Amino acid sequence: VKTIGVLTSGGDAPGMNATIRAVVRTALANGLKVKGIMRGYAGLLDEEIIDMDAKSVSDIINRGGTILYTARCPMFKEPEVQKKAADICKKNGIDGLVVIGGDGSFQGASRLAENGINTIGIPGTIDLDIACTDYTIGFDTAVNTAMEAIDKVRDTSTSHERCSIIEVMGREAGYIALWCGIANGAEEILTVEHYDGNEQRIIDSVLEKRKVGKKHHIIVNAEGIGDSYGLAQRIEAATGVEARATIIGHIQRGGNPTCKDRVYASTMGAKAVDLLIRGKTNRVIAYKNGEFVDFDIQEALAMKKELDPYLYSMAKKLSR
Ligand code: ADP
């Protein structure tokens, strides 16, 4: 491999910049050239390709977002578009590619590998919903941001003796909700994976906890369940306890990455370049059982993981 390309794709996540920096500097340290591809696969197709040197990644390890920008590119699912993208890589001398993104981005990476570009995926998403790995870039930052926000809502919720429904991100996965639910000592955690839609049980629980003298009632609701304002209204109507909804929203996607996100994101970037140097392709970097490892992309995409049932049942017991 002589020239490595790097792109970010799908949803952004704090720590992606640390990965870009690690890819660039590891490649340079090994005497390789690096090109940055702007706006994911869309930018690749538009040939938005820039030369990168050590200075192009100065002062970014501490910054959220992605300096390469990110975009969705639905037409990348078409084989002729994938072939065109591989040809653009070849034309620009890119013979190794690092793709930072989620499962969708890895599908695209795998197609480019089939078209002759050595490609490595790195898991970047605040949702932690990539089956092959226990860690994804941005989750630690996002969950800490949400936790701090919930702490703040809790203060005022206690003062006013309210019930608070706080909606955190996670459309298809409840990791942020579960972790915040535990970290913030929430009375209730609603996730797509576990919530059965039984609002009467939630209402009974609000009344019961009031009876035993609890001054607040925190419900962490995952984005995938949604309807936080409606839920607040229904709880207030049924219990007489004042209920308010707060949707934390995109704050969770930004901000300076935590130390863990900076260090793990850097390590994954460096490992991706190491794999390319060793001639590997169609692999994804993962963190599994306390170690950085790599898997075949298709094997990784076929894996399943579930929201830790022990954590979920523990959270219930701890919130009594
Ligand atoms: P994520 O990478 O976070 O899962 P998306 O699912 O939006 O985010 O995928 C990001 C991009 O990856 C898409 O916009 C598209 O360009 C590409 N992609 C997604 N699915 C496929 C697929 N099956 N084949 C090829 N490319 C895909």
# chains A, B, ... in the order shown; residues from 1 in each chain; ligands from 1
>>> residues_near_ligand(ligand="ligand 1", cutoff="8 Å", atoms="only C-alpha atoms and all ligand atoms", output="ChimeraX atom specification")
/A:9-12,40-42,71-78,82,100-111,124-125
>>> write_last_selection(atoms="N, CA and C atoms", output="mmCIF file, in the first residue's frame")
data_model
loop_
_atom_site.group_PDB
_atom_site.id
_atom_site.type_symbol
_atom_site.label_atom_id
_atom_site.label_comp_id
_atom_site.auth_asym_id
_atom_site.auth_seq_id
_atom_site.Cartn_x
_atom_site.Cartn_y
_atom_site.Cartn_z
ATOM 1 N N SER A 9 -18.410 8.494 7.501
ATOM 2 C CA SER A 9 -19.671 8.230 6.804
ATOM 3 C C SER A 9 -20.769 7.947 7.819
ATOM 4 N N GLY A 10 -22.010 8.187 7.434
ATOM 5 C CA GLY A 10 -23.124 7.954 8.362
ATOM 6 C C GLY A 10 -23.179 9.044 9.421
ATOM 7 N N GLY A 11 -23.689 8.735 10.598
ATOM 8 C CA GLY A 11 -23.814 9.740 11.657
ATOM 9 C C GLY A 11 -22.455 10.100 12.237
ATOM 10 N N ASP A 12 -22.258 11.381 12.594
ATOM 11 C CA ASP A 12 -20.970 11.752 13.185
ATOM 12 C C ASP A 12 -20.940 11.374 14.659
ATOM 13 N N GLY A 40 -17.941 11.615 3.095
ATOM 14 C CA GLY A 40 -18.234 10.193 2.938
ATOM 15 C C GLY A 40 -18.230 9.723 1.493
ATOM 16 N N TYR A 41 -19.091 8.753 1.203
ATOM 17 C CA TYR A 41 -19.116 8.180 -0.152
ATOM 18 C C TYR A 41 -19.605 9.202 -1.181
ATOM 19 N N ALA A 42 -20.437 10.161 -0.748
ATOM 20 C CA ALA A 42 -20.920 11.196 -1.672
ATOM 21 C C ALA A 42 -19.739 12.016 -2.178
ATOM 22 N N ALA A 71 -21.755 12.426 5.217
ATOM 23 C CA ALA A 71 -22.977 12.538 4.411
ATOM 24 C C ALA A 71 -23.555 11.148 4.212
ATOM 25 N N ARG A 72 -24.827 11.100 3.893
ATOM 26 C CA ARG A 72 -25.426 9.827 3.473
ATOM 27 C C ARG A 72 -25.376 9.817 1.945
ATOM 28 N N CYS A 73 -25.330 8.653 1.394
ATOM 29 C CA CYS A 73 -25.232 8.536 -0.068
ATOM 30 C C CYS A 73 -25.995 7.285 -0.495
ATOM 31 N N PRO A 74 -27.335 7.383 -0.583
ATOM 32 C CA PRO A 74 -28.156 6.198 -0.839
ATOM 33 C C PRO A 74 -27.769 5.447 -2.122
ATOM 34 N N MET A 75 -27.301 6.181 -3.146
ATOM 35 C CA MET A 75 -27.001 5.487 -4.406
ATOM 36 C C MET A 75 -25.757 4.607 -4.325
ATOM 37 N N PHE A 76 -25.060 4.678 -3.174
ATOM 38 C CA PHE A 76 -23.867 3.831 -3.033
ATOM 39 C C PHE A 76 -24.219 2.350 -2.949
ATOM 40 N N LYS A 77 -25.512 2.043 -2.835
ATOM 41 C CA LYS A 77 -25.933 0.637 -2.804
ATOM 42 C C LYS A 77 -25.918 -0.002 -4.192
ATOM 43 N N GLU A 78 -25.770 0.839 -5.219
ATOM 44 C CA GLU A 78 -25.809 0.299 -6.586
ATOM 45 C C GLU A 78 -24.412 -0.149 -7.044
ATOM 46 N N GLN A 82 -20.621 1.690 -7.003
ATOM 47 C CA GLN A 82 -19.486 1.183 -6.211
ATOM 48 C C GLN A 82 -18.243 1.013 -7.089
ATOM 49 N N ILE A 100 -14.661 5.253 8.485
ATOM 50 C CA ILE A 100 -15.136 5.382 9.862
ATOM 51 C C ILE A 100 -16.646 5.599 9.809
ATOM 52 N N GLY A 101 -17.418 4.683 10.384
ATOM 53 C CA GLY A 101 -18.875 4.809 10.319
ATOM 54 C C GLY A 101 -19.549 3.628 10.994
ATOM 55 N N GLY A 102 -20.786 3.373 10.581
ATOM 56 C CA GLY A 102 -21.540 2.270 11.170
ATOM 57 C C GLY A 102 -21.738 1.130 10.181
ATOM 58 N N ASP A 103 -22.699 0.272 10.474
ATOM 59 C CA ASP A 103 -22.920 -0.930 9.656
ATOM 60 C C ASP A 103 -23.152 -0.601 8.179
ATOM 61 N N GLY A 104 -23.941 0.437 7.907
ATOM 62 C CA GLY A 104 -24.208 0.823 6.516
ATOM 63 C C GLY A 104 -22.904 1.180 5.809
ATOM 64 N N SER A 105 -22.076 1.959 6.480
ATOM 65 C CA SER A 105 -20.789 2.363 5.910
ATOM 66 C C SER A 105 -19.890 1.147 5.668
ATOM 67 N N PHE A 106 -19.985 0.151 6.564
ATOM 68 C CA PHE A 106 -19.159 -1.061 6.386
ATOM 69 C C PHE A 106 -19.611 -1.858 5.171
ATOM 70 N N GLN A 107 -20.924 -1.846 4.895
ATOM 71 C CA GLN A 107 -21.425 -2.501 3.676
ATOM 72 C C GLN A 107 -20.752 -1.876 2.458
ATOM 73 N N GLY A 108 -20.733 -0.552 2.436
ATOM 74 C CA GLY A 108 -20.094 0.154 1.330
ATOM 75 C C GLY A 108 -18.607 -0.186 1.250
ATOM 76 N N ALA A 109 -17.953 -0.243 2.417
ATOM 77 C CA ALA A 109 -16.518 -0.550 2.466
ATOM 78 C C ALA A 109 -16.253 -1.941 1.892
ATOM 79 N N SER A 110 -17.134 -2.873 2.210
ATOM 80 C CA SER A 110 -16.981 -4.244 1.741
ATOM 81 C C SER A 110 -17.111 -4.316 0.218
ATOM 82 N N ARG A 111 -18.025 -3.511 -0.328
ATOM 83 C CA ARG A 111 -18.217 -3.474 -1.782
ATOM 84 C C ARG A 111 -16.965 -2.901 -2.465
ATOM 85 N N GLY A 124 -17.782 3.841 14.316
ATOM 86 C CA GLY A 124 -18.026 5.167 14.885
ATOM 87 C C GLY A 124 -19.521 5.398 14.982
ATOM 88 N N THR A 125 -20.048 5.452 16.166
ATOM 89 C CA THR A 125 -21.447 5.823 16.386
ATOM 90 C C THR A 125 -21.669 6.033 17.882
#
>>> residues_around(residues="Ile202 of chain A", least_positions_apart="3", cutoff="10 Å", atoms="only C-alpha atoms", output="list in words")
Glu187, Glu188, Gly197, Asn198, Glu199, Ser205, Val206, Leu207, Glu208, Ile219, Leu231 and Ile235 of chain A
>>> closest_residue(among="A:Ile67, A:Ile189, A:Ile117, A:Cys89", to="Ala18 of chain A", atoms="only C-alpha atoms")
A:Ile67
>>> residues_around(residues="segment 215-217 of chain A", least_positions_apart="5", cutoff="9 Å", atoms="only C-alpha atoms", output="PyMOL selection string")
chain A and resi 154+157-165+186-188+206+209-210+243
>>> write_last_selection(atoms="N, CA and C atoms", output="mmCIF file, in the first residue's frame")
data_model
loop_
_atom_site.group_PDB
_atom_site.id
_atom_site.type_symbol
_atom_site.label_atom_id
_atom_site.label_comp_id
_atom_site.auth_asym_id
_atom_site.auth_seq_id
_atom_site.Cartn_x
_atom_site.Cartn_y
_atom_site.Cartn_z
ATOM 1 N N ARG A 154 -32.503 16.666 37.071
ATOM 2 C CA ARG A 154 -32.874 16.043 38.329
ATOM 3 C C ARG A 154 -32.907 17.059 39.477
ATOM 4 N N SER A 157 -35.993 19.026 39.100
ATOM 5 C CA SER A 157 -37.118 18.109 39.231
ATOM 6 C C SER A 157 -37.389 17.790 40.717
ATOM 7 N N THR A 158 -36.314 17.635 41.483
ATOM 8 C CA THR A 158 -36.448 17.370 42.920
ATOM 9 C C THR A 158 -37.031 18.592 43.629
ATOM 10 N N SER A 159 -36.486 19.775 43.307
ATOM 11 C CA SER A 159 -36.959 21.006 43.962
ATOM 12 C C SER A 159 -38.461 21.182 43.791
ATOM 13 N N HIS A 160 -38.934 20.864 42.596
ATOM 14 C CA HIS A 160 -40.365 21.049 42.308
ATOM 15 C C HIS A 160 -41.184 19.780 42.516
ATOM 16 N N GLU A 161 -40.524 18.739 42.973
ATOM 17 C CA GLU A 161 -41.179 17.441 43.231
ATOM 18 C C GLU A 161 -41.949 16.945 42.008
ATOM 19 N N ARG A 162 -41.249 17.007 40.884
ATOM 20 C CA ARG A 162 -41.850 16.639 39.607
ATOM 21 C C ARG A 162 -41.459 15.240 39.157
ATOM 22 N N CYS A 163 -42.188 14.799 38.159
ATOM 23 C CA CYS A 163 -41.773 13.635 37.385
ATOM 24 C C CYS A 163 -41.125 14.169 36.101
ATOM 25 N N SER A 164 -39.937 13.669 35.776
ATOM 26 C CA SER A 164 -39.260 14.136 34.560
ATOM 27 C C SER A 164 -39.075 13.005 33.582
ATOM 28 N N ILE A 165 -39.515 13.256 32.369
ATOM 29 C CA ILE A 165 -39.249 12.292 31.293
ATOM 30 C C ILE A 165 -38.131 12.891 30.466
ATOM 31 N N ALA A 186 -32.149 6.456 37.608
ATOM 32 C CA ALA A 186 -33.518 6.710 37.143
ATOM 33 C C ALA A 186 -34.493 5.693 37.723
ATOM 34 N N GLU A 187 -35.725 6.141 37.909
ATOM 35 C CA GLU A 187 -36.772 5.249 38.396
ATOM 36 C C GLU A 187 -37.236 4.293 37.294
ATOM 37 N N GLU A 188 -37.075 4.759 36.052
ATOM 38 C CA GLU A 188 -37.618 3.991 34.924
ATOM 39 C C GLU A 188 -36.713 4.174 33.711
ATOM 40 N N VAL A 206 -45.277 5.634 39.481
ATOM 41 C CA VAL A 206 -45.145 7.038 39.901
ATOM 42 C C VAL A 206 -45.919 7.242 41.208
ATOM 43 N N LYS A 209 -44.193 5.406 44.193
ATOM 44 C CA LYS A 209 -42.960 6.048 44.673
ATOM 45 C C LYS A 209 -43.287 7.349 45.414
ATOM 46 N N ARG A 210 -44.343 8.038 44.980
ATOM 47 C CA ARG A 210 -44.801 9.230 45.702
ATOM 48 C C ARG A 210 -45.187 8.858 47.124
ATOM 49 N N ALA A 243 -45.626 16.680 35.594
ATOM 50 C CA ALA A 243 -44.667 15.932 34.771
ATOM 51 C C ALA A 243 -44.195 16.786 33.608
#
>>> closest_residue(among="A:Lys152, A:Arg244, A:Arg262, A:Arg283", to="Leu301 of chain A", atoms="only C-alpha atoms")
A:Arg283
>>> select_by_dssp(residues="segment 34-66 of chain A", states="helix (DSSP H, G or I)", output="list in words")
Gly40, Tyr41, Ala42, Gly43, Leu44, Leu45, Ala54, Lys55, Ser56 and Val57 of chain A
>>> closest_residue(among="A:Ile218, A:Ala149, A:Ile297, A:Leu318", to="Leu190 of chain A", atoms="only C-alpha atoms")
A:Ile218
>>> select_by_dssp(residues="segment 92-283 of chain A", states="strand (DSSP E or B)", output="ChimeraX atom specification")
/A:96-101,118-124,137,163-168,188-190,217-222,243-247,283
>>> write_last_selection(atoms="N, CA and C atoms", output="short mmCIF file (atom, residue, chain, number, x, y, z; two decimals), in the first residue's frame")
data_model
loop_
_atom_site.label_atom_id
_atom_site.label_comp_id
_atom_site.auth_asym_id
_atom_site.auth_seq_id
_atom_site.Cartn_x
_atom_site.Cartn_y
_atom_site.Cartn_z
N GLY A 96 -5.46 2.00 -0.40
CA GLY A 96 -5.93 1.53 0.90
C GLY A 96 -6.91 2.56 1.43
N LEU A 97 -8.01 2.09 2.05
CA LEU A 97 -9.04 3.04 2.48
C LEU A 97 -9.50 2.71 3.90
N VAL A 98 -9.61 3.76 4.72
CA VAL A 98 -10.16 3.59 6.07
C VAL A 98 -11.52 4.28 6.11
N VAL A 99 -12.56 3.52 6.47
CA VAL A 99 -13.92 4.04 6.52
C VAL A 99 -14.39 4.06 7.98
N ILE A 100 -14.66 5.25 8.48
CA ILE A 100 -15.14 5.38 9.86
C ILE A 100 -16.65 5.60 9.81
N GLY A 101 -17.42 4.68 10.38
CA GLY A 101 -18.87 4.81 10.32
C GLY A 101 -19.55 3.63 10.99
N ASN A 118 -8.21 -2.06 -1.01
CA ASN A 118 -8.06 -2.64 0.34
C ASN A 118 -8.73 -1.69 1.35
N THR A 119 -9.72 -2.22 2.06
CA THR A 119 -10.56 -1.35 2.88
C THR A 119 -10.72 -1.89 4.30
N ILE A 120 -10.62 -0.97 5.27
CA ILE A 120 -10.77 -1.32 6.69
C ILE A 120 -11.84 -0.41 7.30
N GLY A 121 -12.78 -0.98 8.04
CA GLY A 121 -13.81 -0.20 8.71
C GLY A 121 -13.47 0.03 10.18
N ILE A 122 -13.91 1.18 10.68
CA ILE A 122 -13.74 1.51 12.10
C ILE A 122 -15.11 1.92 12.65
N PRO A 123 -15.55 1.32 13.78
CA PRO A 123 -16.90 1.59 14.28
C PRO A 123 -17.02 2.95 14.95
N GLY A 124 -17.78 3.84 14.32
CA GLY A 124 -18.03 5.17 14.88
C GLY A 124 -19.52 5.40 14.98
N ILE A 137 -16.77 4.49 18.70
CA ILE A 137 -16.28 5.86 18.89
C ILE A 137 -17.46 6.80 19.15
N CYS A 163 -42.19 14.80 38.16
CA CYS A 163 -41.77 13.63 37.38
C CYS A 163 -41.12 14.17 36.10
N SER A 164 -39.94 13.67 35.78
CA SER A 164 -39.26 14.14 34.56
C SER A 164 -39.08 13.01 33.58
N ILE A 165 -39.52 13.26 32.37
CA ILE A 165 -39.25 12.29 31.29
C ILE A 165 -38.13 12.89 30.47
N ILE A 166 -37.00 12.20 30.39
CA ILE A 166 -35.86 12.75 29.67
C ILE A 166 -35.53 11.82 28.51
N GLU A 167 -35.61 12.40 27.32
CA GLU A 167 -35.39 11.58 26.12
C GLU A 167 -33.95 11.68 25.67
N VAL A 168 -33.30 10.53 25.55
CA VAL A 168 -31.91 10.48 25.10
C VAL A 168 -31.85 9.84 23.71
N GLU A 188 -37.08 4.76 36.05
CA GLU A 188 -37.62 3.99 34.92
C GLU A 188 -36.71 4.17 33.71
N ILE A 189 -36.47 3.09 32.98
CA ILE A 189 -35.69 3.19 31.74
C ILE A 189 -36.52 2.56 30.62
N LEU A 190 -36.81 3.36 29.60
CA LEU A 190 -37.61 2.83 28.49
C LEU A 190 -36.73 2.67 27.26
N HIS A 217 -39.12 11.76 40.14
CA HIS A 217 -39.30 10.49 39.44
C HIS A 217 -38.70 10.68 38.06
N ILE A 218 -37.55 10.07 37.84
CA ILE A 218 -36.85 10.26 36.56
C ILE A 218 -37.14 9.08 35.64
N ILE A 219 -37.66 9.41 34.48
CA ILE A 219 -37.88 8.38 33.45
C ILE A 219 -36.94 8.68 32.29
N VAL A 220 -35.98 7.80 32.03
CA VAL A 220 -35.11 7.98 30.87
C VAL A 220 -35.76 7.24 29.71
N ASN A 221 -36.06 7.99 28.67
CA ASN A 221 -36.79 7.44 27.53
C ASN A 221 -35.89 7.46 26.29
N ALA A 222 -35.77 6.34 25.62
CA ALA A 222 -34.94 6.30 24.41
C ALA A 222 -35.71 6.90 23.24
N ALA A 243 -45.63 16.68 35.59
CA ALA A 243 -44.67 15.93 34.77
C ALA A 243 -44.20 16.79 33.61
N ARG A 244 -42.88 16.76 33.35
CA ARG A 244 -42.29 17.56 32.27
C ARG A 244 -41.38 16.69 31.43
N ALA A 245 -41.35 17.00 30.15
CA ALA A 245 -40.47 16.26 29.25
C ALA A 245 -39.30 17.13 28.80
N THR A 246 -38.12 16.54 28.70
CA THR A 246 -36.94 17.22 28.17
C THR A 246 -36.32 16.30 27.12
N ILE A 247 -36.14 16.84 25.92
CA ILE A 247 -35.46 16.06 24.88
C ILE A 247 -34.06 16.61 24.74
N ARG A 283 -11.77 -5.82 6.45
CA ARG A 283 -11.77 -6.10 7.90
C ARG A 283 -12.38 -4.92 8.63
#
>>> closest_residue(among="A:Asp134, A:Pro257, A:Ala265, A:Asp155", to="Ala286 of chain A", atoms="only C-alpha atoms")
A:Asp134
>>> atom_distance(atom1="atom CA of Gly64 of chain A", atom2="atom CA of Asp294 of chain A")
25.1 Å
>>> residues_around(residues="Ser313 of chain A", least_positions_apart="4", cutoff="12 Å", atoms="only C-alpha atoms", output="list in words")
Leu178, Gly181, Ile182, Glu188, Ile189, His194, Leu307, Asp308, Pro309, Lys317, Leu318, Ser319 and Arg320 of chain A
>>> write_last_selection(atoms="C-alpha atoms", output="PDB file, in the first residue's frame")
ATOM      1  CA  LEU A 178     -29.645   2.074  29.861  1.00  0.00           C
ATOM      2  CA  GLY A 181     -30.600   5.161  33.604  1.00  0.00           C
ATOM      3  CA  ILE A 182     -28.055   3.388  35.804  1.00  0.00           C
ATOM      4  CA  GLU A 188     -37.618   3.991  34.924  1.00  0.00           C
ATOM      5  CA  ILE A 189     -35.687   3.187  31.735  1.00  0.00           C
ATOM      6  CA  HIS A 194     -37.421  -3.858  26.608  1.00  0.00           C
ATOM      7  CA  LEU A 307     -28.586  -4.909  25.488  1.00  0.00           C
ATOM      8  CA  ASP A 308     -27.041  -6.557  28.542  1.00  0.00           C
ATOM      9  CA  PRO A 309     -29.993  -8.219  30.321  1.00  0.00           C
ATOM     10  CA  LYS A 317     -33.437  -3.347  41.487  1.00  0.00           C
ATOM     11  CA  LEU A 318     -31.225  -0.327  42.131  1.00  0.00           C
ATOM     12  CA  SER A 319     -34.045   2.140  41.499  1.00  0.00           C
ATOM     13  CA  ARG A 320     -36.276   0.918  44.311  1.00  0.00           C
TER      14      ARG A 320
END
>>> closest_residue(among="A:Lys211, A:Ile203, A:Val1, A:Val263", to="Ala237 of chain A", atoms="only C-alpha atoms")
A:Ile203
>>> atom_distance(atom1="atom CA of Pro14 of chain A", atom2="atom CA of Val34 of chain A")
21.8 Å
>>> closest_residue(among="A:Asn289, A:Ser56, A:Thr136, A:Asn184", to="Gly36 of chain A", atoms="only C-alpha atoms")
A:Ser56
>>> atom_distance(atom1="atom CA of His250 of chain A", atom2="atom CA of Gly5 of chain A")
28.5 Å
>>> residues_around(residues="Ile251 of chain A", least_positions_apart="4", cutoff="9 Å", atoms="only C-alpha atoms", output="list of chain:residue names")
A:Ala142, A:Thr145, A:Ala146, A:Gly255
>>> write_last_selection(atoms="N, CA and C atoms", output="PDB file, in the first residue's frame")
ATOM      1  N   ALA A 142     -20.980  10.764  24.386  1.00  0.00           N
ATOM      2  CA  ALA A 142     -22.424  11.014  24.317  1.00  0.00           C
ATOM      3  C   ALA A 142     -23.109  10.645  25.629  1.00  0.00           C
ATOM      4  N   THR A 145     -22.335  13.190  28.259  1.00  0.00           N
ATOM      5  CA  THR A 145     -23.092  14.423  28.024  1.00  0.00           C
ATOM      6  C   THR A 145     -24.530  14.254  28.513  1.00  0.00           C
ATOM      7  N   ALA A 146     -25.136  13.138  28.155  1.00  0.00           N
ATOM      8  CA  ALA A 146     -26.524  12.889  28.563  1.00  0.00           C
ATOM      9  C   ALA A 146     -26.618  12.777  30.086  1.00  0.00           C
ATOM     10  N   GLY A 255     -19.449  18.044  21.108  1.00  0.00           N
ATOM     11  CA  GLY A 255     -18.635  18.293  22.296  1.00  0.00           C
ATOM     12  C   GLY A 255     -17.281  17.613  22.222  1.00  0.00           C
TER      13      GLY A 255
END
